[in-house]
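J.: Contents of coords-v5.cif (mmCIF, C-alpha atoms) are below:
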data_input
#
loop_
_atom_site.group_PDB
_atom_site.id
_atom_site.type_symbol
_atom_site.label_atom_id
_atom_site.label_comp_id
_atom_site.auth_asym_id
_atom_site.auth_seq_id
_atom_site.Cartn_x
_atom_site.Cartn_y
_atom_site.Cartn_z
ATOM 1 C CA THR X 1 8.661 4.418 8.108
ATOM 2 C CA VAL X 2 8.335 1.881 10.881
ATOM 3 C CA GLY X 3 6.456 -0.399 8.509
ATOM 4 C CA THR X 4 9.408 -0.384 6.135
ATOM 5 C CA VAL X 5 11.855 -1.032 8.970
ATOM 6 C CA ALA X 6 9.733 -4.026 9.957
ATOM 7 C CA SER X 7 9.173 -5.422 6.443
ATOM 8 C CA ASN X 8 12.802 -5.027 5.366
ATOM 9 C CA ALA X 9 13.666 -8.115 7.405
ATOM 10 C CA ALA X 10 11.414 -10.186 5.147
ATOM 11 C CA VAL X 11 12.794 -8.671 1.944
ATOM 12 C CA HIS X 12 16.528 -8.358 2.546
ATOM 13 C CA GLU X 13 18.915 -11.087 3.671
ATOM 14 C CA LYS X 14 21.390 -8.794 5.403
ATOM 15 C CA LEU X 15 20.523 -5.553 7.132
ATOM 16 C CA PRO X 16 22.673 -3.297 9.294
ATOM 17 C CA TYR X 17 20.002 -3.541 12.019
ATOM 18 C CA ASP X 18 17.617 -5.992 13.638
ATOM 19 C CA SER X 19 14.121 -4.538 13.423
ATOM 20 C CA ILE X 20 13.089 -6.222 16.668
ATOM 21 C CA LYS X 21 16.203 -6.050 18.854
ATOM 22 C CA ASP X 22 17.588 -2.644 17.823
ATOM 23 C CA TYR X 23 14.457 -0.541 18.378
ATOM 24 C CA ALA X 24 11.821 0.172 20.976
ATOM 25 C CA HIS X 25 8.353 1.071 19.737
ATOM 26 C CA VAL X 26 6.919 4.354 20.950
ATOM 27 C CA SER X 27 3.653 4.881 19.095
ATOM 28 C CA LEU X 28 1.568 4.047 16.073
ATOM 29 C CA ILE X 29 0.953 7.259 14.106
ATOM 30 C CA CYS X 30 -1.338 6.217 11.288
ATOM 31 C CA LYS X 31 -2.632 3.480 9.042
ATOM 32 C CA THR X 32 -2.609 4.106 5.303
ATOM 33 C CA TYR X 33 -4.926 2.241 3.000
ATOM 34 C CA MET X 34 -4.221 1.742 -0.667
ATOM 35 C CA VAL X 35 -6.273 1.869 -3.842
ATOM 36 C CA LEU X 36 -5.970 -0.522 -6.779
ATOM 37 C CA ILE X 37 -5.713 1.643 -9.888
ATOM 38 C CA ILE X 38 -5.613 0.644 -13.526
ATOM 39 C CA ASN X 39 -5.099 2.250 -16.896
ATOM 40 C CA PRO X 40 -8.580 3.462 -17.929
ATOM 41 C CA LYS X 41 -8.211 1.916 -21.406
ATOM 42 C CA LEU X 42 -8.340 -1.589 -19.937
ATOM 43 C CA PRO X 43 -11.796 -3.173 -20.306
ATOM 44 C CA ILE X 44 -12.108 -3.593 -16.533
ATOM 45 C CA ASN X 45 -14.542 -1.919 -14.156
ATOM 46 C CA ASN X 46 -14.094 -3.754 -10.861
ATOM 47 C CA VAL X 47 -11.876 -6.160 -8.935
ATOM 48 C CA LYS X 48 -13.782 -9.257 -10.067
ATOM 49 C CA GLU X 49 -13.320 -8.300 -13.732
ATOM 50 C CA PHE X 50 -9.655 -7.539 -13.070
ATOM 51 C CA VAL X 51 -9.037 -10.985 -11.583
ATOM 52 C CA GLU X 52 -10.897 -12.681 -14.471
ATOM 53 C CA TYR X 53 -8.963 -10.601 -17.016
ATOM 54 C CA ALA X 54 -5.631 -11.445 -15.373
ATOM 55 C CA LYS X 55 -6.450 -15.168 -15.110
ATOM 56 C CA ALA X 56 -7.183 -15.222 -18.845
ATOM 57 C CA ARG X 57 -3.742 -13.642 -19.467
ATOM 58 C CA PRO X 58 -1.270 -15.294 -17.068
ATOM 59 C CA GLY X 59 2.010 -13.401 -16.918
ATOM 60 C CA LYS X 60 0.835 -10.716 -19.346
ATOM 61 C CA LEU X 61 -0.347 -7.982 -16.954
ATOM 62 C CA THR X 62 2.215 -5.716 -15.320
ATOM 63 C CA TYR X 63 2.007 -3.928 -12.014
ATOM 64 C CA GLY X 64 4.063 -0.946 -11.000
ATOM 65 C CA SER X 65 5.380 -0.154 -7.551
ATOM 66 C CA TYR X 66 7.456 2.569 -5.989
ATOM 67 C CA GLY X 67 10.386 0.216 -5.553
ATOM 68 C CA MET X 68 11.559 -3.338 -5.063
ATOM 69 C CA GLY X 69 10.463 -4.477 -1.606
ATOM 70 C CA SER X 70 8.216 -1.436 -1.118
ATOM 71 C CA PHE X 71 4.805 -1.797 0.482
ATOM 72 C CA ALA X 72 3.163 -1.400 -2.952
ATOM 73 C CA HIS X 73 5.337 -4.226 -4.316
ATOM 74 C CA LEU X 74 4.593 -6.579 -1.424
ATOM 75 C CA LEU X 75 0.892 -5.716 -1.493
ATOM 76 C CA ALA X 76 0.558 -6.418 -5.225
ATOM 77 C CA ALA X 77 2.516 -9.665 -4.923
ATOM 78 C CA SER X 78 0.329 -10.762 -2.012
ATOM 79 C CA PHE X 79 -2.833 -9.782 -3.921
ATOM 80 C CA SER X 80 -1.646 -11.852 -6.893
ATOM 81 C CA ASP X 81 -1.066 -14.841 -4.599
ATOM 82 C CA THR X 82 -4.431 -14.397 -2.863
ATOM 83 C CA THR X 83 -6.334 -14.249 -6.136
ATOM 84 C CA ALA X 84 -4.177 -16.866 -7.916
ATOM 85 C CA ILE X 85 -3.226 -14.522 -10.755
ATOM 86 C CA GLU X 86 0.180 -14.247 -12.393
ATOM 87 C CA THR X 87 1.419 -10.681 -12.902
ATOM 88 C CA VAL X 88 4.807 -9.130 -13.642
ATOM 89 C CA HIS X 89 6.376 -6.609 -11.264
ATOM 90 C CA VAL X 90 7.863 -3.400 -12.687
ATOM 91 C CA PRO X 91 9.681 -1.497 -9.919
ATOM 92 C CA TYR X 92 10.185 2.270 -10.106
ATOM 93 C CA LYS X 93 12.139 4.803 -8.092
ATOM 94 C CA GLY X 94 9.074 6.392 -6.556
ATOM 95 C CA SER X 95 5.334 6.603 -6.952
ATOM 96 C CA ALA X 96 5.265 9.438 -9.520
ATOM 97 C CA PRO X 97 7.061 7.601 -12.354
ATOM 98 C CA ALA X 98 4.994 4.465 -11.708
ATOM 99 C CA LEU X 99 1.744 6.457 -11.800
ATOM 100 C CA THR X 100 2.860 8.132 -15.021
ATOM 101 C CA ASP X 101 3.423 4.765 -16.686
ATOM 102 C CA VAL X 102 0.070 3.392 -15.506
ATOM 103 C CA MET X 103 -1.607 6.488 -16.981
ATOM 104 C CA SER X 104 0.236 6.056 -20.278
ATOM 105 C CA GLY X 105 -0.444 2.331 -20.484
ATOM 106 C CA GLN X 106 3.205 1.277 -20.155
ATOM 107 C CA VAL X 107 2.150 -0.561 -16.985
ATOM 108 C CA ASP X 108 -1.331 -1.976 -16.401
ATOM 109 C CA VAL X 109 -2.034 -1.615 -12.682
ATOM 110 C CA MET X 110 -0.692 -0.371 -9.378
ATOM 111 C CA PHE X 111 -1.557 -0.104 -5.712
ATOM 112 C CA ASP X 112 -0.973 3.412 -4.409
ATOM 113 C CA THR X 113 -2.237 5.691 -1.670
ATOM 114 C CA THR X 114 -5.560 7.421 -2.213
ATOM 115 C CA LEU X 115 -3.797 10.723 -1.567
ATOM 116 C CA SER X 116 -1.536 10.402 -4.597
ATOM 117 C CA ALA X 117 -3.856 8.403 -6.885
ATOM 118 C CA MET X 118 -7.289 10.016 -6.483
ATOM 119 C CA PRO X 119 -6.516 13.352 -8.184
ATOM 120 C CA PHE X 120 -5.644 11.353 -11.337
ATOM 121 C CA VAL X 121 -8.744 9.192 -10.929
ATOM 122 C CA LYS X 122 -10.935 12.293 -10.646
ATOM 123 C CA ALA X 123 -9.255 13.691 -13.786
ATOM 124 C CA GLY X 124 -10.071 10.477 -15.689
ATOM 125 C CA LYS X 125 -6.411 9.549 -16.157
ATOM 126 C CA LEU X 126 -6.673 6.453 -13.933
ATOM 127 C CA LYS X 127 -9.468 4.137 -12.913
ATOM 128 C CA ALA X 128 -9.813 3.123 -9.235
ATOM 129 C CA ILE X 129 -11.373 -0.314 -8.828
ATOM 130 C CA GLY X 130 -10.812 -1.257 -5.193
ATOM 131 C CA LEU X 131 -9.690 -0.037 -1.787
ATOM 132 C CA THR X 132 -7.713 -2.154 0.658
ATOM 133 C CA SER X 133 -9.679 -0.770 3.631
ATOM 134 C CA ALA X 134 -12.516 -2.628 5.374
ATOM 135 C CA VAL X 135 -14.908 0.266 4.698
ATOM 136 C CA ARG X 136 -15.140 2.847 1.937
ATOM 137 C CA SER X 137 -12.966 5.917 2.233
ATOM 138 C CA PRO X 138 -14.300 9.473 2.491
ATOM 139 C CA ALA X 139 -11.490 10.331 0.043
ATOM 140 C CA ALA X 140 -12.972 7.902 -2.515
ATOM 141 C CA PRO X 141 -16.608 7.200 -1.567
ATOM 142 C CA ASP X 142 -17.499 5.777 -4.990
ATOM 143 C CA VAL X 143 -14.697 3.214 -4.965
ATOM 144 C CA PRO X 144 -15.739 -0.142 -3.473
ATOM 145 C CA THR X 145 -13.502 -1.981 -1.075
ATOM 146 C CA ILE X 146 -11.795 -5.126 -2.301
ATOM 147 C CA ALA X 147 -13.691 -6.973 0.440
ATOM 148 C CA GLU X 148 -17.053 -5.856 -0.914
ATOM 149 C CA SER X 149 -15.855 -6.780 -4.400
ATOM 150 C CA GLY X 150 -15.701 -10.452 -3.461
ATOM 151 C CA LEU X 151 -12.588 -11.018 -1.336
ATOM 152 C CA THR X 152 -14.456 -11.199 1.952
ATOM 153 C CA GLY X 153 -12.463 -9.976 4.934
ATOM 154 C CA TYR X 154 -9.742 -8.397 2.782
ATOM 155 C CA GLU X 155 -8.066 -5.494 4.567
ATOM 156 C CA VAL X 156 -4.448 -4.402 4.162
ATOM 157 C CA PHE X 157 -2.776 -1.236 5.337
ATOM 158 C CA ALA X 158 0.625 0.317 5.654
ATOM 159 C CA TRP X 159 1.433 1.840 8.984
ATOM 160 C CA ASN X 160 3.736 4.489 10.321
ATOM 161 C CA GLY X 161 5.018 4.949 13.805
ATOM 162 C CA VAL X 162 7.811 6.243 15.964
ATOM 163 C CA LEU X 163 10.794 4.187 17.097
ATOM 164 C CA VAL X 164 13.698 4.924 19.395
ATOM 165 C CA PRO X 165 16.952 3.045 19.851
ATOM 166 C CA ALA X 166 16.710 -0.071 22.010
ATOM 167 C CA GLY X 167 17.721 0.662 25.572
ATOM 168 C CA THR X 168 16.001 4.040 25.685
ATOM 169 C CA PRO X 169 14.672 4.393 29.243
ATOM 170 C CA LYS X 170 11.027 3.355 29.594
ATOM 171 C CA ALA X 171 10.156 6.704 31.220
ATOM 172 C CA ILE X 172 11.338 8.562 28.104
ATOM 173 C CA ILE X 173 9.432 6.180 25.817
ATOM 174 C CA GLN X 174 6.293 6.745 27.907
ATOM 175 C CA GLN X 175 6.781 10.514 27.850
ATOM 176 C CA LEU X 176 7.189 10.487 24.047
ATOM 177 C CA ASN X 177 4.105 8.291 23.704
ATOM 178 C CA ASP X 178 2.070 10.667 25.904
ATOM 179 C CA HIS X 179 3.133 13.709 23.858
ATOM 180 C CA ILE X 180 2.371 11.958 20.557
ATOM 181 C CA ARG X 181 -1.083 10.864 21.765
ATOM 182 C CA LYS X 182 -1.877 14.428 22.877
ATOM 183 C CA ALA X 183 -0.678 15.854 19.567
ATOM 184 C CA MET X 184 -2.737 13.318 17.610
ATOM 185 C CA LEU X 185 -5.888 14.515 19.398
ATOM 186 C CA LEU X 186 -5.418 18.115 18.270
ATOM 187 C CA PRO X 187 -7.852 19.050 15.467
ATOM 188 C CA GLN X 188 -5.110 20.513 13.265
#
Will you turn the file into structure tokens for me?
T.:
Amino acid sequence: TVGTVASNAAVHEKLPYDSIKDYAHVSLICKTYMVLIINPKLPINNVKEFVEYAKARPGKLTYGSYGMGSFAHLLAASFSDTTAIETVHVPYKGSAPALTDVMSGQVDVMFDTTLSAMPFVKAGKLKAIGLTSAVRSPAAPDVPTIAESGLTGYEVFAWNGVLVPAGTPKAIIQQLNDHIRKAMLLPQ
């Protein structure tokens, strides 16, 4: 994803590309908001309780992610910094194994997309306590935003877009952008 191409520069010392100089941006495709999910056996019902619980147990709570340097990893680390909690990162090779370990209690919490997490929340295998969006999601209308849970103004999203190699003629970039915008307006 474009977001990963952009964030890799902050995570890795040496990359085979320069995320600014080697690409031209064509179009934003979507923003993806995340949901903070926990093992349902934890005695936590909301973000405020989660932060209090974590502060009472510095370095004891674990959070899963779908990989070192992934958006979920950076988001959880940033959330820990913002709330002044100390948590331990457990990286996985993908979302599915991380979700499995949150459900089983091997890992305590995780940020994941609503698309992959909400079926497990609805089945009672996970508990959703906060969304990273500014407003509640139609995909999870009963889950409060982290902002409404006390972190005023909190909004974080991953984003995807289209890039082309640097030096691509501006007319081609504009033509691609026009086609993408038209396609994005189609109902299907």
J.: Run the PyMOL selection byres ((chain X and resi 166) around 8) against the file shown and list the residues it catches, as a PDB file with C-alpha atoms, in the coordinates of the input.
T.:
ATOM      1  CA  LYS X  21      16.203  -6.050  18.854  1.00  0.00           C
ATOM      2  CA  ASP X  22      17.588  -2.644  17.823  1.00  0.00           C
ATOM      3  CA  TYR X  23      14.457  -0.541  18.378  1.00  0.00           C
ATOM      4  CA  ALA X  24      11.821   0.172  20.976  1.00  0.00           C
ATOM      5  CA  VAL X 164      13.698   4.924  19.395  1.00  0.00           C
ATOM      6  CA  PRO X 165      16.952   3.045  19.851  1.00  0.00           C
ATOM      7  CA  GLY X 167      17.721   0.662  25.572  1.00  0.00           C
ATOM      8  CA  THR X 168      16.001   4.040  25.685  1.00  0.00           C
TER       9      THR X 168
END
J.: With the file shown as input, list the residues that the PyMOL selection byres ((chain X and resi 73) around 12) selects, as a CSV table (one decimal) with C-alpha atoms, in the coordinates of the input.
T.:
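And here's part-v1.csv as it stands now:
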chain,number,residue,atom,x,y,z
X,4,THR,CA,9.4,-0.4,6.1
X,7,SER,CA,9.2,-5.4,6.4
X,11,VAL,CA,12.8,-8.7,1.9
X,34,MET,CA,-4.2,1.7,-0.7
X,62,THR,CA,2.2,-5.7,-15.3
X,63,TYR,CA,2.0,-3.9,-12.0
X,64,GLY,CA,4.1,-0.9,-11.0
X,65,SER,CA,5.4,-0.2,-7.6
X,66,TYR,CA,7.5,2.6,-6.0
X,67,GLY,CA,10.4,0.2,-5.6
X,68,MET,CA,11.6,-3.3,-5.1
X,69,GLY,CA,10.5,-4.5,-1.6
X,70,SER,CA,8.2,-1.4,-1.1
X,71,PHE,CA,4.8,-1.8,0.5
X,72,ALA,CA,3.2,-1.4,-3.0
X,74,LEU,CA,4.6,-6.6,-1.4
X,75,LEU,CA,0.9,-5.7,-1.5
X,76,ALA,CA,0.6,-6.4,-5.2
X,77,ALA,CA,2.5,-9.7,-4.9
X,78,SER,CA,0.3,-10.8,-2.0
X,79,PHE,CA,-2.8,-9.8,-3.9
X,80,SER,CA,-1.6,-11.9,-6.9
X,87,THR,CA,1.4,-10.7,-12.9
X,88,VAL,CA,4.8,-9.1,-13.6
X,89,HIS,CA,6.4,-6.6,-11.3
X,90,VAL,CA,7.9,-3.4,-12.7
X,91,PRO,CA,9.7,-1.5,-9.9
X,92,TYR,CA,10.2,2.3,-10.1
X,93,LYS,CA,12.1,4.8,-8.1
X,94,GLY,CA,9.1,6.4,-6.6
X,95,SER,CA,5.3,6.6,-7.0
X,98,ALA,CA,5.0,4.5,-11.7
X,109,VAL,CA,-2.0,-1.6,-12.7
X,110,MET,CA,-0.7,-0.4,-9.4
X,111,PHE,CA,-1.6,-0.1,-5.7
X,112,ASP,CA,-1.0,3.4,-4.4
X,158,ALA,CA,0.6,0.3,5.7
J.: Mind giving me the straight-line distance from atom CA of X:Val107 to atom CA of X:Ile38 in Å, one decimal?
T.: 8.6 Å
J.: With a cut-off of 9 Å, could you pull out the residues of stretch 17-103 of chain X touching stretch 138-152 of chain X and give me the nearest pair of atoms for each, distance in Å to one decimal, using only C-alpha atoms, ordered by chain and ascending number, as CSV?
T.:
residue,atom,partner,partner_atom,distance
X:Val35,CA,X:Val143,CA,8.6
X:Leu36,CA,X:Ile146,CA,8.7
X:Asn46,CA,X:Ser149,CA,7.3
X:Val47,CA,X:Ser149,CA,6.1
X:Lys48,CA,X:Ser149,CA,6.5
X:Thr82,CA,X:Leu151,CA,9.0
X:Thr83,CA,X:Leu151,CA,8.5
J.: For atom CA of X:Glu155 and atom CA of X:Thr132, quote the distance in Å rounded to one decimal.
T.: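 Distance reported for this atom pair: 5.2 Å.
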J.: Give the answer as one residue: which of X:Ile85, X:Leu126, X:Val135, X:Gln106 has the shortest atom-to-atom distance to X:Lys55, using only C-alpha atoms?
T.: X:Ile85
J.: The residues within 12 Å of (-9.2, 1.6, -19.8), using only C-alpha atoms and the coordinates of the file, should be reported as a ChimeraX atom specification; which are they?
T.: /X:37-46,50,102-105,107-109,121,124-129
J.: Which residues, named as in the file, does the PyMOL selection byres ((chain X and resi 173) around 9) pick out? Answer as a list in words.
T.: Ala24, His25, Val26, Ser27, Val164, Thr168, Pro169, Lys170, Ala171, Ile172, Gln174, Gln175, Leu176, Asn177 and Asp178 of chain X
J.: Mind giving me the straight-line distance from atom CA of X:Leu131 to atom CA of X:Tyr33 in Å, one decimal?
T.: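 Between atom CA of X:Leu131 and atom CA of X:Tyr33 the gap works out to 7.1 Å.
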J.: Stretch 66-83 of chain X, all listed atoms, 6 Å padding on each side: what axis-aligned box centre and edge lengths in Å to one decimal come out, as lines of an AutoDock Vina configuration file?
T.:
center_x = 2.6
center_y = -6.1
center_z = -3.2
size_x = 29.9
size_y = 29.4
size_z = 19.4
